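Engineer: Have a look at this one before I ask anything.
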Amino acid sequence: LRNVISAFSNVVQFSSSEIYGDMPAGICDEPLFDTISLQPKNDYALSKFVGEKMILNDGGNHFRIRLFNCFGPPEWPNAYRSVIAQFCRAALQRTKLTVFRGHRRDFVYIDDLVRTLAAIPEVWDDLPAEPRERVCNIGGERAVLIEKLAEMICDLAGAPRSLIDLRDHEFTNVKDKIPDLTRAKTWLGHRNVISLEDGILRTLAWMKENGIDGG
């Protein structure tokens with residue numbers, strides 16, 4: 001990252017919702033980064049936190065994007081991919097869905113995310129001049145418990161809910177990640193067109209077409 005921001009004056013940095021850690025009210029809005037002491041809860045979150053600090057220390061005309069749980073084809077499921085990709089594969093293959101209780105997330109489908117990202121060059125000159133203000137959340141608008149998400153995916157995949165293996169809270173992961181999307185909507189025209197159910201159905205169909213269903 002240091003080499004990139006040293007070489008280019010206009011960099012879009014892809015950060016993460018993980019940098020917020022656990023917010024008291026669960027809602028993550030961009031100014032919190034500057035007004036309270038954030039506590040990243042894992043190594044990935046810490047790496048993104050440091051990346052944002054590097055961008056700010058450079059002082060250039062950069063733009064930070066904090067992504068919230070993007071999903072959809074062609075995301076190939078593995079241990080480091082989205083929970084939806086992992087749950088869809090497990091439901092299709094009739095294997096266990098490990099679910100930690102009490103976590104809430106919202107999700108943005110890939111098509112909606114890409115449309116919003118494509119707007120960035122068009123509005124670049126209209127973004128705030130102050131580097132600390134040049135940051136924006138992008139995500140969905142429907143927070144769901146991961147337990148309910150697992151049930152939804154099993155139902156849509158025609159898999160039994162008995163595959164769901166409920167476990168206690170995962171302490172290295174935040175409880176709630178729910179974005180304030182005011183800036184995304186105002187600056188980038190962000191819209192969530194694809195519903196969570198429709199996005200999951202599209203993901204399941206793609207996995208079947210690509211042999212990820214184990215059939």
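In the structure tokens, chains take letters A, B, ... by order of appearance, with residues numbered from 1 within each chain and ligands from 1 in the order shown.
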Would you mind listing, for every residue of segment 26-76 of chain A within 12 Å of segment 136-156 of chain A, the two atoms forming the shortest contact and the distance between them in Å to one decimal, using only C-alpha atoms, sorted by chain and ascending residue number, as CSV?

Structural biologist:
```
residue,atom,partner,partner_atom,distance
A:Gly26,CA,A:Ala143,CA,10.3
A:Ile27,CA,A:Ala143,CA,10.4
A:Cys28,CA,A:Asn137,CA,8.4
A:Asp29,CA,A:Asn137,CA,7.5
A:Glu30,CA,A:Cys136,CA,6.5
A:Pro31,CA,A:Cys136,CA,9.7
A:Leu32,CA,A:Asn137,CA,11.9
A:Phe33,CA,A:Cys136,CA,11.4
A:His62,CA,A:Cys136,CA,11.7
A:Phe63,CA,A:Cys136,CA,8.1
A:Arg64,CA,A:Cys136,CA,6.4
A:Ile65,CA,A:Cys136,CA,5.1
A:Arg66,CA,A:Asn137,CA,4.7
A:Leu67,CA,A:Ile138,CA,5.2
A:Phe68,CA,A:Gly139,CA,4.7
A:Asn69,CA,A:Gly139,CA,6.8
A:Cys70,CA,A:Gly139,CA,7.2
A:Phe71,CA,A:Gly139,CA,10.4
```

Engineer: Taking the DSSP secondary structure from the backbone, can you list the residues of segment 36-73 of chain A that are helix (DSSP H, G or I), as number ranges by chain?

Structural biologist: A: 43-58

Engineer: Select from segment 5-182 of chain A everything DSSP, run on the backbone, classes as strand (DSSP E or B), then give the selection as a ChimeraX atom specification.

Structural biologist: /A:12-16,27-28,63-67,70-71,97-100,104-105,108-109,135-138,144-145,164-167,176-179

Engineer: Find the residues around Arg2 of chain A up to 10 Å (only C-alpha atoms counted), leave out those fewer than 3 positions away in its own chain, and share them as a list of chain:residue names.

Structural biologist: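 Once the adjacent positions are removed, what remains is A:Ile5, A:Ser6, A:Ala7, A:Gly51, A:Met54, A:Ile55, A:Asp58.
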
Engineer: Write out the residues from the selection above, keeping N, CA, C and O atoms, as a PDB file, in the first residue's frame.

Structural biologist:
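Result written to result35.pdb:
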```pdb
ATOM      1  N   ILE A   5       0.372   4.353  -2.747  1.00  0.00           N
ATOM      2  CA  ILE A   5       0.000   5.732  -2.434  1.00  0.00           C
ATOM      3  C   ILE A   5       1.164   6.698  -2.658  1.00  0.00           C
ATOM      4  O   ILE A   5       0.945   7.905  -2.810  1.00  0.00           O
ATOM      5  N   SER A   6       2.374   6.160  -2.711  1.00  0.00           N
ATOM      6  CA  SER A   6       3.520   7.012  -3.042  1.00  0.00           C
ATOM      7  C   SER A   6       3.569   7.304  -4.538  1.00  0.00           C
ATOM      8  O   SER A   6       4.053   8.352  -4.964  1.00  0.00           O
ATOM      9  N   ALA A   7       3.038   6.369  -5.329  1.00  0.00           N
ATOM     10  CA  ALA A   7       3.116   6.501  -6.783  1.00  0.00           C
ATOM     11  C   ALA A   7       1.915   7.215  -7.391  1.00  0.00           C
ATOM     12  O   ALA A   7       2.025   7.792  -8.472  1.00  0.00           O
ATOM     13  N   GLY A  51      -4.070   0.327   7.308  1.00  0.00           N
ATOM     14  CA  GLY A  51      -4.115   0.818   5.938  1.00  0.00           C
ATOM     15  C   GLY A  51      -4.770   2.185   5.839  1.00  0.00           C
ATOM     16  O   GLY A  51      -4.300   3.071   5.118  1.00  0.00           O
ATOM     17  N   MET A  54      -2.409   4.814   7.058  1.00  0.00           N
ATOM     18  CA  MET A  54      -1.389   5.117   6.054  1.00  0.00           C
ATOM     19  C   MET A  54      -1.930   6.080   5.002  1.00  0.00           C
ATOM     20  O   MET A  54      -1.244   7.012   4.578  1.00  0.00           O
ATOM     21  N   ILE A  55      -3.180   5.852   4.585  1.00  0.00           N
ATOM     22  CA  ILE A  55      -3.810   6.741   3.615  1.00  0.00           C
ATOM     23  C   ILE A  55      -3.902   8.160   4.173  1.00  0.00           C
ATOM     24  O   ILE A  55      -3.581   9.154   3.496  1.00  0.00           O
ATOM     25  N   ASP A  58      -0.570  10.003   4.440  1.00  0.00           N
ATOM     26  CA  ASP A  58      -0.047  10.463   3.157  1.00  0.00           C
ATOM     27  C   ASP A  58      -0.595  11.843   2.817  1.00  0.00           C
ATOM     28  O   ASP A  58       0.098  12.658   2.203  1.00  0.00           O
TER      29      ASP A  58
END
```

Engineer: Env of segment 206-212 of chain A: 12 Å cut, atoms = only C-alpha atoms, seq-sep filter 5 positions within chain, self excluded. Answer as a CSV table (one decimal) with all heavy atoms, in the first residue's frame.

Structural biologist:
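The result, stored in selection-v9.csv:
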```csv
chain,number,residue,atom,x,y,z
A,72,GLY,N,-22.2,-12.9,-3.7
A,72,GLY,CA,-22.7,-13.2,-5.0
A,72,GLY,C,-21.7,-13.8,-5.9
A,72,GLY,O,-20.5,-13.8,-5.6
A,73,PRO,N,-22.1,-14.4,-7.0
A,73,PRO,CA,-21.2,-15.0,-8.0
A,73,PRO,C,-20.2,-13.9,-8.6
A,73,PRO,O,-20.6,-12.8,-8.6
A,73,PRO,CB,-22.1,-15.5,-9.1
A,73,PRO,CG,-23.5,-15.6,-8.5
A,73,PRO,CD,-23.5,-14.5,-7.4
A,74,PRO,N,-19.0,-14.4,-8.9
A,74,PRO,CA,-18.5,-15.7,-8.9
A,74,PRO,C,-17.6,-16.0,-7.6
A,74,PRO,O,-16.5,-16.5,-7.8
A,74,PRO,CB,-17.6,-15.8,-10.2
A,74,PRO,CG,-17.1,-14.4,-10.2
A,74,PRO,CD,-18.1,-13.4,-9.7
A,75,GLU,N,-18.1,-15.7,-6.5
A,75,GLU,CA,-17.3,-15.9,-5.3
A,75,GLU,C,-17.2,-17.4,-5.0
A,75,GLU,O,-18.2,-18.0,-4.7
A,75,GLU,CB,-17.9,-15.2,-4.1
A,75,GLU,CG,-17.1,-15.3,-2.8
A,75,GLU,CD,-17.8,-14.7,-1.6
A,75,GLU,OE1,-19.0,-14.4,-1.7
A,75,GLU,OE2,-17.1,-14.4,-0.6
A,76,TRP,N,-16.0,-17.9,-5.0
A,76,TRP,CA,-15.8,-19.4,-4.8
A,76,TRP,C,-15.7,-19.6,-3.3
A,76,TRP,O,-14.8,-19.0,-2.7
A,76,TRP,CB,-14.6,-19.9,-5.5
A,76,TRP,CG,-14.6,-21.3,-5.8
A,76,TRP,CD1,-14.1,-22.3,-5.0
A,76,TRP,CD2,-15.1,-22.0,-6.9
A,76,TRP,NE1,-14.3,-23.5,-5.5
A,76,TRP,CE2,-14.9,-23.4,-6.7
A,76,TRP,CE3,-15.8,-21.6,-8.1
A,76,TRP,CZ2,-15.4,-24.4,-7.6
A,76,TRP,CZ3,-16.2,-22.5,-9.0
A,76,TRP,CH2,-16.0,-23.9,-8.8
A,77,PRO,N,-16.5,-20.4,-2.7
A,77,PRO,CA,-16.5,-20.6,-1.3
A,77,PRO,C,-15.3,-21.2,-0.7
A,77,PRO,O,-14.8,-22.3,-1.2
A,77,PRO,CB,-17.8,-21.4,-1.0
A,77,PRO,CG,-18.0,-22.2,-2.2
A,77,PRO,CD,-17.5,-21.3,-3.4
A,78,ASN,N,-14.7,-20.7,0.3
A,78,ASN,CA,-13.7,-21.3,1.1
A,78,ASN,C,-13.7,-20.6,2.5
A,78,ASN,O,-14.6,-19.8,2.8
A,78,ASN,CB,-12.3,-21.2,0.5
A,78,ASN,CG,-11.8,-19.8,0.3
A,78,ASN,OD1,-11.8,-19.0,1.3
A,78,ASN,ND2,-11.4,-19.4,-0.9
A,84,ILE,N,-22.2,-16.1,3.4
A,84,ILE,CA,-23.3,-16.6,2.5
A,84,ILE,C,-22.7,-17.7,1.6
A,84,ILE,O,-23.3,-18.7,1.3
A,84,ILE,CB,-23.9,-15.4,1.8
A,84,ILE,CG1,-24.8,-14.6,2.7
A,84,ILE,CG2,-24.7,-15.9,0.6
A,84,ILE,CD1,-25.5,-13.5,2.1
A,85,ALA,N,-21.5,-17.4,1.0
A,85,ALA,CA,-20.9,-18.4,0.1
A,85,ALA,C,-20.7,-19.7,0.9
A,85,ALA,O,-21.0,-20.8,0.3
A,85,ALA,CB,-19.6,-17.9,-0.4
A,86,GLN,N,-20.2,-19.6,2.1
A,86,GLN,CA,-19.9,-20.9,2.9
A,86,GLN,C,-21.2,-21.6,3.2
A,86,GLN,O,-21.3,-22.8,3.1
A,86,GLN,CB,-19.2,-20.5,4.1
A,86,GLN,CG,-17.8,-20.0,3.9
A,86,GLN,CD,-17.0,-19.7,5.1
A,86,GLN,OE1,-16.8,-20.6,6.0
A,86,GLN,NE2,-16.5,-18.5,5.3
A,87,PHE,N,-22.2,-20.9,3.6
A,87,PHE,CA,-23.5,-21.5,4.0
A,87,PHE,C,-24.2,-22.1,2.8
A,87,PHE,O,-24.8,-23.2,2.9
A,87,PHE,CB,-24.4,-20.5,4.7
A,87,PHE,CG,-24.1,-20.2,6.1
A,87,PHE,CD1,-23.0,-20.7,6.7
A,87,PHE,CD2,-24.9,-19.3,6.8
A,87,PHE,CE1,-22.7,-20.5,8.1
A,87,PHE,CE2,-24.6,-19.0,8.2
A,87,PHE,CZ,-23.5,-19.6,8.8
A,88,CYS,N,-24.2,-21.4,1.6
A,88,CYS,CA,-24.8,-21.9,0.4
A,88,CYS,C,-24.1,-23.2,0.0
A,88,CYS,O,-24.8,-24.2,-0.3
A,88,CYS,CB,-24.7,-20.9,-0.7
A,88,CYS,SG,-25.9,-19.5,-0.6
A,89,ARG,N,-22.8,-23.3,0.0
A,89,ARG,CA,-22.2,-24.5,-0.3
A,89,ARG,C,-22.5,-25.6,0.7
A,89,ARG,O,-22.8,-26.8,0.2
A,89,ARG,CB,-20.6,-24.4,-0.3
A,89,ARG,CG,-19.9,-25.7,-0.6
A,89,ARG,CD,-18.4,-25.5,-0.6
A,89,ARG,NE,-17.9,-25.0,0.7
A,89,ARG,CZ,-16.6,-24.8,1.0
A,89,ARG,NH1,-15.7,-25.0,0.0
A,89,ARG,NH2,-16.2,-24.4,2.2
A,90,ALA,N,-22.5,-25.3,2.0
A,90,ALA,CA,-22.9,-26.4,2.9
A,90,ALA,C,-24.3,-26.9,2.8
A,90,ALA,O,-24.6,-28.1,2.8
A,90,ALA,CB,-22.7,-25.8,4.3
A,91,ALA,N,-25.2,-26.0,2.5
A,91,ALA,CA,-26.6,-26.4,2.3
A,91,ALA,C,-26.8,-27.2,1.1
A,91,ALA,O,-27.5,-28.2,1.1
A,91,ALA,CB,-27.5,-25.1,2.2
A,92,LEU,N,-26.1,-26.9,0.0
A,92,LEU,CA,-26.2,-27.7,-1.2
A,92,LEU,C,-25.6,-29.0,-1.1
A,92,LEU,O,-26.1,-30.0,-1.6
A,92,LEU,CB,-25.5,-26.9,-2.4
A,92,LEU,CG,-26.3,-25.7,-2.9
A,92,LEU,CD1,-25.4,-24.9,-3.9
A,92,LEU,CD2,-27.6,-26.1,-3.6
A,93,GLN,N,-24.5,-29.1,-0.3
A,93,GLN,CA,-23.8,-30.4,-0.1
A,93,GLN,C,-24.3,-31.1,1.1
A,93,GLN,O,-23.8,-32.2,1.4
A,93,GLN,CB,-22.3,-30.1,0.0
A,93,GLN,CG,-21.7,-29.5,-1.3
A,93,GLN,CD,-20.2,-29.3,-1.2
A,93,GLN,OE1,-19.6,-29.4,-0.1
A,93,GLN,NE2,-19.6,-28.8,-2.3
A,94,ARG,N,-25.3,-30.6,1.8
A,94,ARG,CA,-25.9,-31.2,2.9
A,94,ARG,C,-24.8,-31.5,4.0
A,94,ARG,O,-24.8,-32.6,4.6
A,94,ARG,CB,-26.6,-32.5,2.6
A,94,ARG,CG,-27.7,-32.3,1.5
A,94,ARG,CD,-28.8,-31.3,2.0
A,94,ARG,NE,-30.0,-31.4,1.1
A,94,ARG,CZ,-30.2,-30.5,0.1
A,94,ARG,NH1,-29.4,-29.5,-0.1
A,94,ARG,NH2,-31.3,-30.6,-0.6
A,157,ALA,N,-32.4,-23.5,-0.3
A,157,ALA,CA,-31.7,-24.6,-1.0
A,157,ALA,C,-32.4,-26.0,-0.8
A,157,ALA,O,-31.9,-27.0,-1.4
A,157,ALA,CB,-30.3,-24.7,-0.3
A,199,GLY,N,-30.6,-12.6,-4.0
A,199,GLY,CA,-29.2,-12.7,-4.2
A,199,GLY,C,-28.8,-14.1,-3.8
A,199,GLY,O,-27.9,-14.7,-4.4
A,200,ILE,N,-29.4,-14.7,-2.7
A,200,ILE,CA,-29.0,-16.0,-2.3
A,200,ILE,C,-29.5,-17.0,-3.4
A,200,ILE,O,-28.7,-18.0,-3.7
A,200,ILE,CB,-29.7,-16.4,-0.9
A,200,ILE,CG1,-29.0,-15.5,0.2
A,200,ILE,CG2,-29.6,-17.8,-0.6
A,200,ILE,CD1,-29.8,-15.6,1.5
A,201,LEU,N,-30.6,-16.9,-3.9
A,201,LEU,CA,-31.1,-17.8,-5.0
A,201,LEU,C,-30.2,-17.7,-6.2
A,201,LEU,O,-29.8,-18.7,-6.8
A,201,LEU,CB,-32.5,-17.4,-5.4
A,201,LEU,CG,-33.6,-17.8,-4.5
A,201,LEU,CD1,-35.0,-17.2,-4.9
A,201,LEU,CD2,-33.8,-19.3,-4.4
```
